[in-house]
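Asker: Input: one structure, supplied below.
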2 protein chains.
Amino acid sequence: MIKITLPDGAVKEYEKGSSAMDIAKSISEGLARKVLAADINGEVWDANRPLDNDASLKLLTWDDNDGKSTFWHSSAHLMAEAVDATFPGVKFWVGPAIDKGFYYDIDLGDNKITEDDLASLEKKMNELAKQNNQYVRKSIPKAEAIQYFTEKGDEYKLDLLGGLTDGEITFYTQGGFTDLCRGPHIPSTGAIKAIKLTSIAGAYWKGDEKNKQLTRIYGVSFPNQKELDEYVLMMEEAKKRDHRKLGKELGIYTMDDNVGPGLILWMPNGTVIIEELEKLAKETENAAGYKRVVTPHIAKETMYLTSGHLPFYADSMFPPMEMDGEKYYLRAMNCPHHHKIFDAEQRSYKELPYRIAEYGTCYRYEQSGELFGLMRVRCLHMNDAHIYCSKEDFAQEFKAVNDMYLKYFKIFGIDKYVMRLSLHDPEKLGQKYVNEPELWLETEELVRSVLIETGVPFVEVKGEGAFYGPKIDVQIWSAIGREFTLATNQVDFAQSRSFKLSFTNQNNQPEIPLIIHRAPLGTHERFIGFLLEHYAGKFPTWLAPLQVKILPISDKFMDYANTILQTLKKADIRAEIDDRSEKVGKKIRDTEIAKVPYMLVIGEKEMNEGKVAVRRQGIGDLGTKPIEDFVLEIVAEIKDRVSD
Amino acid sequence: MIKITLPDGAVKEYEKGSSAMDIAKSISEGLARKVLAADINGEVWDANRPLDNDASLKLLTWDDNDGKSTFWHSSAHLMAEAVDATFPGVKFWVGPAIDKGFYYDIDLGDNKITEDDLASLEKKMNELAKQNNQYVRKSIPKAEAIQYFTEKGDEYKLDLLGGLTDGEITFYTQGGFTDLCRGPHIPSTGAIKAIKLTSIAGAYWKGDEKNKQLTRIYGVSFPNQKELDEYVLMMEEAKKRDHRKLGKELGIYTMDDNVGPGLILWMPNGTVIIEELEKLAKETENAAGYKRVVTPHIAKETMYLTSGHLPFYADSMFPPMEMDGEKYYLRAMNCPHHHKIFDAEQRSYKELPYRIAEYGTCYRYEQSGELFGLMRVRCLHMNDAHIYCSKEDFAQEFKAVNDMYLKYFKIFGIDKYVMRLSLHDPEKLGQKYVNEPELWLETEELVRSVLIETGVPFVEVKGEGAFYGPKIDVQIWSAIGREFTLATNQVDFAQSRSFKLSFTNQNNQPEIPLIIHRAPLGTHERFIGFLLEHYAGKFPTWLAPLQVKILPISDKFMDYANTILQTLKKADIRAEIDDRSEKVGKKIRDTEIAKVPYMLVIGEKEMNEGKVAVRRQGIGDLGTKPIEDFVLEIVAEIKDRVSD
């Protein structure tokens, strides 16, 4: 018998060799039908894989991220089976699950495939799914695996095999399709009830443009048709709200070949939004006791050797500039410069928590193929800050930062969010993570307990921390239900050591501070991209680049329109007159398209009575009122940052 | 006879071979005594040099910059004569006039000289000056000059001779000292009545650290003792107000070896000043119809080839970063990025003048030996803007920019300023200046006429324009009379051509805009450096990092102090409590030193009456008043940006 510990802490005994599925069935047949995989001692396993030892077990379903990932990975195999059946002899590279769905990279040989062929491929996949074939796992000696793929003439899988250790190699077979795969997989293809192949792209083998270009087919799948329908609807809505389309239409940003890919030029309308976000950040941080600093975007190589960005983060940094016999790097993060500000003066516990914020610009190298609108860029701005505090102050400071996140979510109408606590991986200490095992555990526990105490929804993820400490990524969902990774909030026990930062504590002894890295609005680039989708470009008045458009119904009313304009400007309202010789209907239509929150229509009656006829974008006529009343109302709306 | 045209346009006839001095004497003996040199057809000549042809002539005195330069250059020769007399056989490299004074680089051989020796050197110079020896110019064939310095064993002058053309070589002799020199010089040493040798420094031969280090002796000289005394006084005051000293004491900025030389880290106090300056700029520019943009700090090489920064400005740029097979450069100016914003949409005359402003950061390479505090840095921030306008709008726009400068001067209490109009040099078209001779003349005349019309003081300088058009440098004088080059204001007819910028004019035809480059507050670095000296660190309240310090006379009054603090914060006043257990006298002294404009002393009486005892930094007790009254007063002072 083996002892199985369930998530609620209960321990039950099962026959040795029982699988997670056996255990699920022993609990309830209904539950078993939902099981896609199992978390065994923190590792995801096939639900049918026999358990030979005591273990902790968590059954994974569609409601778990790991359940979804397994489902999509199995869907990738299903797609490969369909492709293999359609074009016998094609070769497969890798086919992982991604954030939303899956892909497979395929060498189609002389075969061609276009988006038009995806429907028939979906049909084939549905047929194969209905066969409800099991995903069968089989351990294979390396020599045998090499022989298998040599006979097939598959140089891709042979290349993968080169990196694998004998004794750890497995094949998975469903129906007539066998693949080299570490797994895990769902029990059988029948669970895949709804499939959508979404696009085809070229992808260089191993991401290297000197290699052959393979065909990448993207898809997504679900356990029922309803979820797929909802997904398709969301994606259609997302397409309408595409931040790249809206960004251009609304004059938010542009890019230019001569400046370079991933380098955003913020147009005047986008800059208004940036400045409003910064104003919000400054107000919030000022009230929370932050001070502001301005630091350069470059530093010597020595600084990044000290910080550990070299070598831990080197791949994401721009190449160096060689000057006066030294290497200078564009910064990828603001932290080292802030540490130097902290270190510029002798610090006492009386100054702590020392909170410094900057409208910081960083440069990160992303492969050109990875760049995407405002979502993945090479030059990024953020309202960044670092908090230097004692261990005793940490919980309170960290909680205050968390509260700031929640305050922002409320302002922007973000109802759904999850904090994703990324931890270190003990096996990669000294490689991906600074080698301080005890400090890792200690700070991870500090963060965890604050999260539990404040009751915000969070999940834990092993092996995704920053190299200097545990990290919280904030996942948020836009108004149409799409998920975005927004901001980070990181604890750092390592850099204060490497920079030899210290303060004099109450016992007049030097003490090393903890550092909190935080950027609650994330990068301006990604956040504004998110907001474009979230608001469908209809920014709330306080954020709208142009807040009011004055529409005189003829040139006769231009003087009165100008008086109104001056009144609005005096109240710091961003306003313009539409002075074109167009009919007022046309003016209203154009202003609606430009998504300006308010229109003030001006004619004979309004002029004579000193009033304005107010229209709200997307809503319509709000009636005629004295200009003073309108100003009072809109000023209050802006001041309160009303978002609806 | 030759015809001489005087500055007032009068033409007089003189004997062929007459000198400027002869002409001066023919006008008035008193004038002749003041003459230091003469401007002959735009070139500076010895006053005693014979004129053989018709010419335009302007007599140069101490009141002319060229007169001063000649005086200081002659003083350098006088110093060399004194050094040569003290240490026979030493060798001289070059000895130019500089902004304020002169220096000479000397190979002292085995001789040593320290700052203590400067007084005896001054004494020797005064003796030689009293001999009133003439500076005698003599043309020398190159072979003869080479023979002369070969016999002296002077490799330095031989090196200089290597670069000179036979027939253009002159020697100058005063008393017993002869030097290879292009001249010009003042008539005789007697005019040099007051001398101060200010410092000694090492200087690598030709500025190359691989070469031998020479000894550079700096000095300054005047035609009378009074001016020297005033200068010495000003320099002593400048030393007290040294922006590097105050910058550290007041927590304005810091630098760090691991970041790099010339890269300023703005501490919280300095950042407050930057943000107040930017706020002023935003308010001013918003009212003047500017829009704001945000652009990256880098761009591809191709952009700078288009703009002409490569090659015209290459020496001042950081080295490139090589990425994805392309070269990227840190920008040295913001203009090309702004041109791309202009070019991102089809522009119509209705949108012009199109004015875009940015809190722009640039990186310029300066030799490490040239770096100096905030005055010469490698990373610079500025409130920069570019105005795209038609030729018809130019004069009005340019005048508006000029008016903005004057508005700023008033706010900062800058009473003395001169606009320095830098023109192109026709001989360097195609090398230092874009090769558009007619556009140069046309735009120079446009700028000149606006300057004349607005009546601002200005001077013209040939050969110092930007490569793309005429430039106005603004010279300002600090409260203690030191001169600073602050801001620039440039006209650009060239970049709109190279970037193919155009707008649709009223006739529906494409037209090329003129561009005005302007940064009226210059770089934040230099301007804040200037302000530190100008205000001696005692910033006016609106700019002061900390505006009010609350000084409770004992812990008993901390609650009341906190109430006051909250009241001040609510009114957006930067305030702090001095909560140390110190006597109030000590608290006042420390706050005085920290140059905080206002102190509010809080004791029993103040608490009971709801009042505060107000002290003004540097002035003293202003009496006790209700906190509400104080808030009203200080808020008004801040809003009006009172500077006194």
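Residue numbering restarts at 1 for every chain of the structure tokens, chains are lettered A, B, ... in their displayed order, and ligands are numbered from 1 as they appear.
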Give the residues of chain A that lie within 8 Å of chain B; count only C-alpha atoms, and format the answer as JSON, numbers by chain.

Answerer: {"A": [254, 256, 258, 259, 260, 263, 264, 265, 266, 267, 268, 270, 271, 272, 291, 292, 293, 294, 295, 296, 298, 299, 300, 301, 302, 303, 318, 319, 320, 321, 322, 323, 337, 340, 341, 344, 356, 379]}

Asker: As a list in words, please: the residues near His534 of chain A (cut-off 8 Å, only C-alpha atoms, same-chain neighbours under 2 positions excluded).

Answerer: Arg241, Ser478, Ala479, Ile480, Phe530, Leu531, Leu532, Ala536 and Gly537 of chain A

Asker: Counting only C-alpha atoms, what is within 12 Å of Tyr598 of chain B, bar same-chain residues fewer than 2 positions away, as a PyMOL selection string?

Answerer: chain B and resi 538-542+544-551+573-577+588+591-592+594-596+600-601+612-622+630-631+633-634+637

Asker: Could you save those same residues with N, CA and C atoms as a short mmCIF file (atom, residue, chain, number, x, y, z; two decimals), in the first residue's frame?

Answerer:
```cif
data_model
loop_
_atom_site.label_atom_id
_atom_site.label_comp_id
_atom_site.auth_asym_id
_atom_site.auth_seq_id
_atom_site.Cartn_x
_atom_site.Cartn_y
_atom_site.Cartn_z
N LYS B 538 19.90 79.47 -2.29
CA LYS B 538 18.66 79.91 -1.61
C LYS B 538 17.56 80.05 -2.66
N PHE B 539 16.99 78.93 -3.03
CA PHE B 539 15.99 78.94 -4.08
C PHE B 539 14.75 79.70 -3.65
N PRO B 540 14.12 80.40 -4.59
CA PRO B 540 12.83 81.00 -4.27
C PRO B 540 11.85 79.88 -3.85
N THR B 541 10.86 80.26 -3.08
CA THR B 541 10.00 79.25 -2.46
C THR B 541 9.43 78.26 -3.47
N TRP B 542 8.99 78.75 -4.64
CA TRP B 542 8.35 77.83 -5.60
C TRP B 542 9.30 76.74 -6.07
N ALA B 544 12.10 75.72 -4.18
CA ALA B 544 12.83 75.11 -3.07
C ALA B 544 12.38 73.66 -2.86
N PRO B 545 13.34 72.73 -2.78
CA PRO B 545 12.97 71.32 -2.57
C PRO B 545 12.10 71.14 -1.32
N LEU B 546 12.51 71.76 -0.23
CA LEU B 546 11.67 71.77 0.97
C LEU B 546 11.29 73.22 1.20
N GLN B 547 10.00 73.47 1.33
CA GLN B 547 9.55 74.87 1.40
C GLN B 547 9.37 75.35 2.84
N VAL B 548 8.95 74.45 3.68
CA VAL B 548 8.67 74.83 5.07
C VAL B 548 9.20 73.76 6.01
N LYS B 549 9.87 74.19 7.06
CA LYS B 549 10.26 73.25 8.11
C LYS B 549 9.53 73.66 9.39
N ILE B 550 8.90 72.69 10.00
CA ILE B 550 8.15 72.96 11.22
C ILE B 550 9.05 72.60 12.40
N LEU B 551 9.25 73.56 13.30
CA LEU B 551 10.19 73.36 14.39
C LEU B 551 9.48 73.41 15.74
N ILE B 573 2.09 72.04 -0.24
CA ILE B 573 3.34 72.68 0.17
C ILE B 573 4.30 71.60 0.66
N ARG B 574 5.54 71.68 0.23
CA ARG B 574 6.53 70.69 0.63
C ARG B 574 7.05 71.04 2.02
N ALA B 575 6.65 70.23 3.00
CA ALA B 575 6.96 70.57 4.39
C ALA B 575 7.40 69.32 5.16
N GLU B 576 8.17 69.57 6.21
CA GLU B 576 8.64 68.51 7.09
C GLU B 576 8.68 69.02 8.52
N ILE B 577 8.67 68.07 9.45
CA ILE B 577 8.85 68.44 10.87
C ILE B 577 10.27 68.09 11.29
N ILE B 588 16.85 75.91 14.29
CA ILE B 588 16.82 77.08 13.39
C ILE B 588 18.13 77.17 12.61
N THR B 591 18.31 74.57 9.92
CA THR B 591 17.38 74.84 8.82
C THR B 591 17.88 76.00 7.96
N GLU B 592 18.51 76.99 8.63
CA GLU B 592 19.13 78.10 7.88
C GLU B 592 20.18 77.55 6.92
N ALA B 594 20.39 74.59 5.71
CA ALA B 594 19.76 73.79 4.66
C ALA B 594 18.99 74.68 3.68
N LYS B 595 18.96 76.00 3.96
CA LYS B 595 18.37 76.99 3.05
C LYS B 595 16.90 76.72 2.74
N VAL B 596 16.17 76.29 3.76
CA VAL B 596 14.72 76.11 3.62
C VAL B 596 14.07 77.49 3.79
N LEU B 600 8.57 77.35 10.69
CA LEU B 600 7.43 77.64 11.56
C LEU B 600 7.76 77.11 12.95
N VAL B 601 8.00 78.04 13.87
CA VAL B 601 8.35 77.63 15.22
C VAL B 601 7.06 77.45 16.02
N VAL B 612 1.31 80.16 14.18
CA VAL B 612 2.69 79.72 13.96
C VAL B 612 3.59 80.95 13.99
N ALA B 613 4.81 80.76 14.54
CA ALA B 613 5.79 81.84 14.53
C ALA B 613 6.65 81.65 13.29
N VAL B 614 6.54 82.59 12.33
CA VAL B 614 7.16 82.42 11.03
C VAL B 614 8.55 83.04 10.99
N ARG B 615 9.53 82.30 10.49
CA ARG B 615 10.87 82.83 10.22
C ARG B 615 11.19 82.65 8.75
N ARG B 616 11.79 83.66 8.15
CA ARG B 616 12.20 83.57 6.75
C ARG B 616 13.70 83.33 6.71
N GLN B 617 14.11 82.35 5.92
CA GLN B 617 15.54 82.04 5.81
C GLN B 617 16.30 83.28 5.39
N GLY B 618 17.40 83.57 6.09
CA GLY B 618 18.26 84.70 5.74
C GLY B 618 17.72 86.04 6.16
N ILE B 619 16.49 86.08 6.65
CA ILE B 619 15.88 87.35 7.05
C ILE B 619 15.60 87.35 8.55
N GLY B 620 14.89 86.32 9.01
CA GLY B 620 14.61 86.24 10.44
C GLY B 620 13.13 86.24 10.74
N ASP B 621 12.80 86.67 11.93
CA ASP B 621 11.44 86.59 12.47
C ASP B 621 10.46 87.44 11.66
N LEU B 622 9.37 86.84 11.22
CA LEU B 622 8.33 87.60 10.52
C LEU B 622 7.07 87.72 11.38
N PHE B 630 -0.78 82.17 6.98
CA PHE B 630 0.52 81.77 6.42
C PHE B 630 0.32 80.97 5.14
N VAL B 631 -0.63 80.03 5.17
CA VAL B 631 -0.87 79.19 4.00
C VAL B 631 -1.29 80.05 2.81
N GLU B 633 -0.58 83.13 2.21
CA GLU B 633 0.55 83.91 1.73
C GLU B 633 1.54 83.06 0.93
N ILE B 634 1.88 81.91 1.48
CA ILE B 634 2.90 81.10 0.80
C ILE B 634 2.35 80.50 -0.49
N GLU B 637 2.65 83.14 -3.04
CA GLU B 637 4.06 83.31 -3.40
C GLU B 637 4.52 82.22 -4.38
#
```

Asker: Could you list, as an mmCIF file with C-alpha atoms, in the first residue's frame, every residue within 8 Å of segment 52-63 of chain A, counting only C-alpha atoms and ignoring same-chain residues fewer than 2 positions away?

Answerer:
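File written: selection.cif
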```
data_model
loop_
_atom_site.group_PDB
_atom_site.id
_atom_site.type_symbol
_atom_site.label_atom_id
_atom_site.label_comp_id
_atom_site.auth_asym_id
_atom_site.auth_seq_id
_atom_site.Cartn_x
_atom_site.Cartn_y
_atom_site.Cartn_z
ATOM 1 C CA ILE A 2 1.066 3.609 -0.580
ATOM 2 C CA LYS A 3 0.055 6.710 1.372
ATOM 3 C CA ILE A 4 -1.504 9.496 -0.690
ATOM 4 C CA THR A 5 -1.824 12.983 0.826
ATOM 5 C CA LEU A 6 -4.743 14.939 -0.623
ATOM 6 C CA PRO A 7 -4.861 18.781 -0.907
ATOM 7 C CA LYS A 16 0.765 0.299 -4.931
ATOM 8 C CA GLY A 17 0.533 0.988 -8.689
ATOM 9 C CA SER A 18 -2.768 2.848 -8.420
ATOM 10 C CA ALA A 20 -4.436 9.295 -10.025
ATOM 11 C CA ALA A 24 -10.327 9.926 -8.573
ATOM 12 C CA LYS A 34 -13.179 15.752 -15.324
ATOM 13 C CA VAL A 35 -9.611 14.719 -14.504
ATOM 14 C CA LEU A 36 -7.062 15.765 -17.125
ATOM 15 C CA ALA A 37 -3.821 15.160 -15.204
ATOM 16 C CA ALA A 38 -2.469 15.146 -11.656
ATOM 17 C CA ASP A 39 0.006 17.136 -9.625
ATOM 18 C CA ILE A 40 2.236 14.542 -7.925
ATOM 19 C CA ASN A 41 4.672 16.050 -5.416
ATOM 20 C CA PRO A 50 0.935 4.248 -11.816
ATOM 21 C CA ASN A 65 -3.778 26.148 -15.339
ATOM 22 C CA ASP A 66 -1.754 22.935 -15.442
ATOM 23 C CA GLY A 67 -4.896 21.056 -16.461
ATOM 24 C CA LYS A 68 -5.457 23.449 -19.345
ATOM 25 C CA PHE A 71 -5.163 19.599 -22.515
ATOM 26 C CA PRO A 223 -13.801 20.649 -23.445
#
```

Asker: Tell me, in Å to one decimal, how far atom CA of Ile528 of chain A is from atom CA of Met599 of chain A.

Answerer: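 Spanning atom CA of Ile528 of chain A to atom CA of Met599 of chain A is a straight-line distance of 24.1 Å.
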
Asker: Find the residues near Ile106 of chain A: any atom within 6 Å, counting only C-alpha atoms, skip ones fewer than 6 places away on the same chain, and give them as a ChimeraX atom specification.

Answerer: /A:91-93,214-215

Asker: For the residues selected in the previous step, produce a file with all heavy atoms as an mmCIF file, in the first residue's frame.

Answerer:
```
data_model
loop_
_atom_site.group_PDB
_atom_site.id
_atom_site.type_symbol
_atom_site.label_atom_id
_atom_site.label_comp_id
_atom_site.auth_asym_id
_atom_site.auth_seq_id
_atom_site.Cartn_x
_atom_site.Cartn_y
_atom_site.Cartn_z
ATOM 1 N N LYS A 91 7.603 16.118 -41.152
ATOM 2 C CA LYS A 91 8.387 15.964 -39.927
ATOM 3 C C LYS A 91 8.014 17.032 -38.909
ATOM 4 O O LYS A 91 7.717 18.164 -39.283
ATOM 5 C CB LYS A 91 9.878 16.057 -40.250
ATOM 6 C CG LYS A 91 10.348 14.909 -41.132
ATOM 7 C CD LYS A 91 11.732 15.182 -41.670
ATOM 8 C CE LYS A 91 12.082 14.188 -42.774
ATOM 9 N NZ LYS A 91 13.330 14.576 -43.461
ATOM 10 N N PHE A 92 8.074 16.651 -37.644
ATOM 11 C CA PHE A 92 7.621 17.548 -36.578
ATOM 12 C C PHE A 92 8.773 17.984 -35.689
ATOM 13 O O PHE A 92 9.633 17.163 -35.352
ATOM 14 C CB PHE A 92 6.552 16.839 -35.733
ATOM 15 C CG PHE A 92 5.327 16.493 -36.534
ATOM 16 C CD1 PHE A 92 5.203 15.251 -37.158
ATOM 17 C CD2 PHE A 92 4.308 17.425 -36.675
ATOM 18 C CE1 PHE A 92 4.083 14.941 -37.908
ATOM 19 C CE2 PHE A 92 3.172 17.113 -37.424
ATOM 20 C CZ PHE A 92 3.062 15.865 -38.043
ATOM 21 N N TRP A 93 8.766 19.256 -35.315
ATOM 22 C CA TRP A 93 9.775 19.779 -34.394
ATOM 23 C C TRP A 93 9.171 19.772 -32.989
ATOM 24 O O TRP A 93 9.053 18.730 -32.389
ATOM 25 C CB TRP A 93 10.271 21.149 -34.892
ATOM 26 C CG TRP A 93 11.176 21.922 -34.004
ATOM 27 C CD1 TRP A 93 11.011 23.223 -33.599
ATOM 28 C CD2 TRP A 93 12.398 21.486 -33.393
ATOM 29 N NE1 TRP A 93 12.037 23.613 -32.781
ATOM 30 C CE2 TRP A 93 12.905 22.566 -32.634
ATOM 31 C CE3 TRP A 93 13.110 20.264 -33.401
ATOM 32 C CZ2 TRP A 93 14.081 22.482 -31.887
ATOM 33 C CZ3 TRP A 93 14.297 20.188 -32.666
ATOM 34 C CH2 TRP A 93 14.768 21.277 -31.911
ATOM 35 N N LEU A 214 10.226 26.651 -40.723
ATOM 36 C CA LEU A 214 9.187 25.633 -40.561
ATOM 37 C C LEU A 214 7.821 26.311 -40.599
ATOM 38 O O LEU A 214 7.719 27.538 -40.567
ATOM 39 C CB LEU A 214 9.376 24.905 -39.223
ATOM 40 C CG LEU A 214 10.774 24.306 -38.981
ATOM 41 C CD1 LEU A 214 10.844 23.641 -37.608
ATOM 42 C CD2 LEU A 214 11.124 23.303 -40.075
ATOM 43 N N THR A 215 6.772 25.499 -40.656
ATOM 44 C CA THR A 215 5.414 26.030 -40.649
ATOM 45 C C THR A 215 4.828 25.856 -39.251
ATOM 46 O O THR A 215 4.813 24.742 -38.723
ATOM 47 C CB THR A 215 4.540 25.267 -41.673
ATOM 48 O OG1 THR A 215 5.124 25.424 -42.959
ATOM 49 C CG2 THR A 215 3.115 25.808 -41.678
#
```

Asker: Could you give me, as a compact mmCIF listing (two decimals) with N, CA and C atoms, in the first residue's frame, the residues within 10 Å of segment 420-437 of chain A, counting only C-alpha atoms and dropping anything in the same chain fewer than 4 positions from it?

Answerer:
```
# COMPACT_ATOMS: atom_id res chain seq x y z
N GLY A 308 24.33 41.91 -11.02
CA GLY A 308 24.01 40.56 -11.47
C GLY A 308 23.20 40.55 -12.76
N PRO A 311 25.81 38.29 -15.35
CA PRO A 311 25.31 37.58 -16.52
C PRO A 311 23.83 37.18 -16.46
N PHE A 312 23.14 37.31 -15.30
CA PHE A 312 21.82 36.68 -15.17
C PHE A 312 20.79 37.17 -16.21
N TYR A 313 20.95 38.41 -16.65
CA TYR A 313 19.90 39.01 -17.48
C TYR A 313 20.46 39.47 -18.82
N LEU A 441 13.87 31.18 0.98
CA LEU A 441 12.73 30.61 1.71
C LEU A 441 12.12 31.65 2.64
N GLU A 442 12.98 32.39 3.30
CA GLU A 442 12.51 33.37 4.28
C GLU A 442 11.66 34.46 3.61
N THR A 443 12.19 35.05 2.52
CA THR A 443 11.43 36.13 1.89
C THR A 443 10.19 35.60 1.19
N GLU A 444 10.27 34.41 0.63
CA GLU A 444 9.07 33.84 0.01
C GLU A 444 7.97 33.69 1.05
N VAL A 447 6.41 37.14 1.90
CA VAL A 447 5.48 37.59 0.87
C VAL A 447 4.18 36.80 0.94
N ARG A 448 4.32 35.49 1.05
CA ARG A 448 3.16 34.61 1.07
C ARG A 448 2.22 35.01 2.20
N LEU A 451 0.25 38.11 1.44
CA LEU A 451 -0.81 37.84 0.46
C LEU A 451 -1.98 37.14 1.11
N PRO A 457 -6.54 37.37 -4.31
CA PRO A 457 -6.39 36.07 -4.97
C PRO A 457 -4.97 35.92 -5.48
N PHE A 458 -4.34 34.79 -5.18
CA PHE A 458 -2.99 34.56 -5.71
C PHE A 458 -2.71 33.09 -5.94
N VAL A 459 -1.77 32.84 -6.86
CA VAL A 459 -1.29 31.49 -7.10
C VAL A 459 0.23 31.49 -6.97
N GLU A 460 0.78 30.33 -6.70
CA GLU A 460 2.24 30.23 -6.59
C GLU A 460 2.81 29.48 -7.79
N VAL A 461 3.93 29.94 -8.29
CA VAL A 461 4.58 29.30 -9.42
C VAL A 461 6.05 29.11 -9.10
N LYS A 462 6.50 27.89 -9.22
CA LYS A 462 7.90 27.63 -8.91
C LYS A 462 8.77 27.96 -10.11
N GLY A 463 9.95 28.52 -9.86
CA GLY A 463 10.93 28.66 -10.93
C GLY A 463 10.73 29.84 -11.85
N GLU A 464 9.99 30.86 -11.40
CA GLU A 464 9.83 32.03 -12.25
C GLU A 464 10.18 33.32 -11.52
N GLY A 465 10.84 33.23 -10.37
CA GLY A 465 11.24 34.42 -9.64
C GLY A 465 12.26 35.23 -10.42
N ALA A 466 12.47 36.50 -9.98
CA ALA A 466 13.58 37.28 -10.54
C ALA A 466 14.86 36.66 -10.00
N PHE A 467 16.01 37.04 -10.57
CA PHE A 467 17.22 36.36 -10.09
C PHE A 467 17.59 36.81 -8.69
N TYR A 468 17.00 37.95 -8.24
CA TYR A 468 17.40 38.49 -6.94
C TYR A 468 16.35 38.29 -5.85
N GLY A 469 15.23 37.62 -6.18
CA GLY A 469 14.23 37.40 -5.14
C GLY A 469 12.88 37.03 -5.71
N PRO A 470 11.92 36.68 -4.83
CA PRO A 470 10.59 36.30 -5.31
C PRO A 470 9.87 37.47 -5.97
N LYS A 471 8.99 37.15 -6.89
CA LYS A 471 8.38 38.16 -7.75
C LYS A 471 6.88 37.92 -7.79
N ILE A 472 6.11 39.00 -7.77
CA ILE A 472 4.68 38.86 -7.99
C ILE A 472 4.33 39.49 -9.32
N ASP A 473 3.85 38.68 -10.25
CA ASP A 473 3.31 39.23 -11.48
C ASP A 473 1.82 39.37 -11.29
N VAL A 474 1.29 40.48 -11.79
CA VAL A 474 -0.13 40.69 -11.64
C VAL A 474 -0.81 40.40 -12.96
N GLN A 475 -1.73 39.46 -12.94
CA GLN A 475 -2.51 39.12 -14.12
C GLN A 475 -3.84 39.87 -14.01
N THR A 485 -0.64 40.14 -18.55
CA THR A 485 0.30 40.24 -17.44
C THR A 485 0.69 41.70 -17.35
N THR A 488 4.71 44.14 -11.99
CA THR A 488 5.42 43.26 -11.09
C THR A 488 5.69 43.96 -9.77
N ASN A 489 5.94 43.14 -8.80
CA ASN A 489 6.17 43.58 -7.44
C ASN A 489 7.14 42.55 -6.89
N GLN A 490 8.37 43.00 -6.62
CA GLN A 490 9.41 42.03 -6.33
C GLN A 490 10.10 42.32 -5.01
N PHE A 493 16.47 40.51 -1.75
CA PHE A 493 17.38 40.47 -0.61
C PHE A 493 18.81 40.41 -1.11
N ALA A 494 18.97 40.28 -2.44
CA ALA A 494 20.30 40.00 -2.97
C ALA A 494 21.05 41.26 -3.37
N GLN A 495 20.36 42.20 -4.04
CA GLN A 495 21.09 43.35 -4.55
C GLN A 495 21.61 44.25 -3.44
```

Asker: Please, which residues of segment 157-331 of chain A, numbered as in this document, come out helix (DSSP H, G or I) from DSSP, as a PyMOL selection string?

Answerer: chain A and resi 157-162+189-191+205-207+225-240+243-249+268-287+301-307+309-312+314-316

Asker: Skipping near chain neighbours, those fewer than 3 positions away, what residues fall within 12 Å of Leu118 of chain A using only C-alpha atoms, listed as a PyMOL selection string?

Answerer: chain A and resi 79+82-83+86+112-115+121-125+195-200+217-219

Asker: Using Å and a single decimal, report how far atom CA of Asp590 of chain A sits from atom CA of Arg347 of chain B.

Answerer: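 Here the two named atoms are 18.2 Å from each other.
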
Asker: With distances taken over only C-alpha atoms, which of A:Ile452, A:Leu486, A:Met1, A:Ile273 is nearest to Arg376 of chain A?

Answerer: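 Under the stated criterion, the closest residue is A:Leu486.
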
Asker: Rounded to one decimal, what separation in Å do you get between atom CA of Pro513 of chain A and atom CA of Lys407 of chain A?

Answerer: 26.6 Å

Asker: Run DSSP on the backbone of this structure and report the residues of segment 310-508 of chain B it assigns to strand (DSSP E or B), as an MDAnalysis selection string.

Answerer: chainID B and resid 321:323 326:330 347:348 354:363 372 376 379:389 417:422 429 433 458:461 466 469 471:477 483:492 503:504
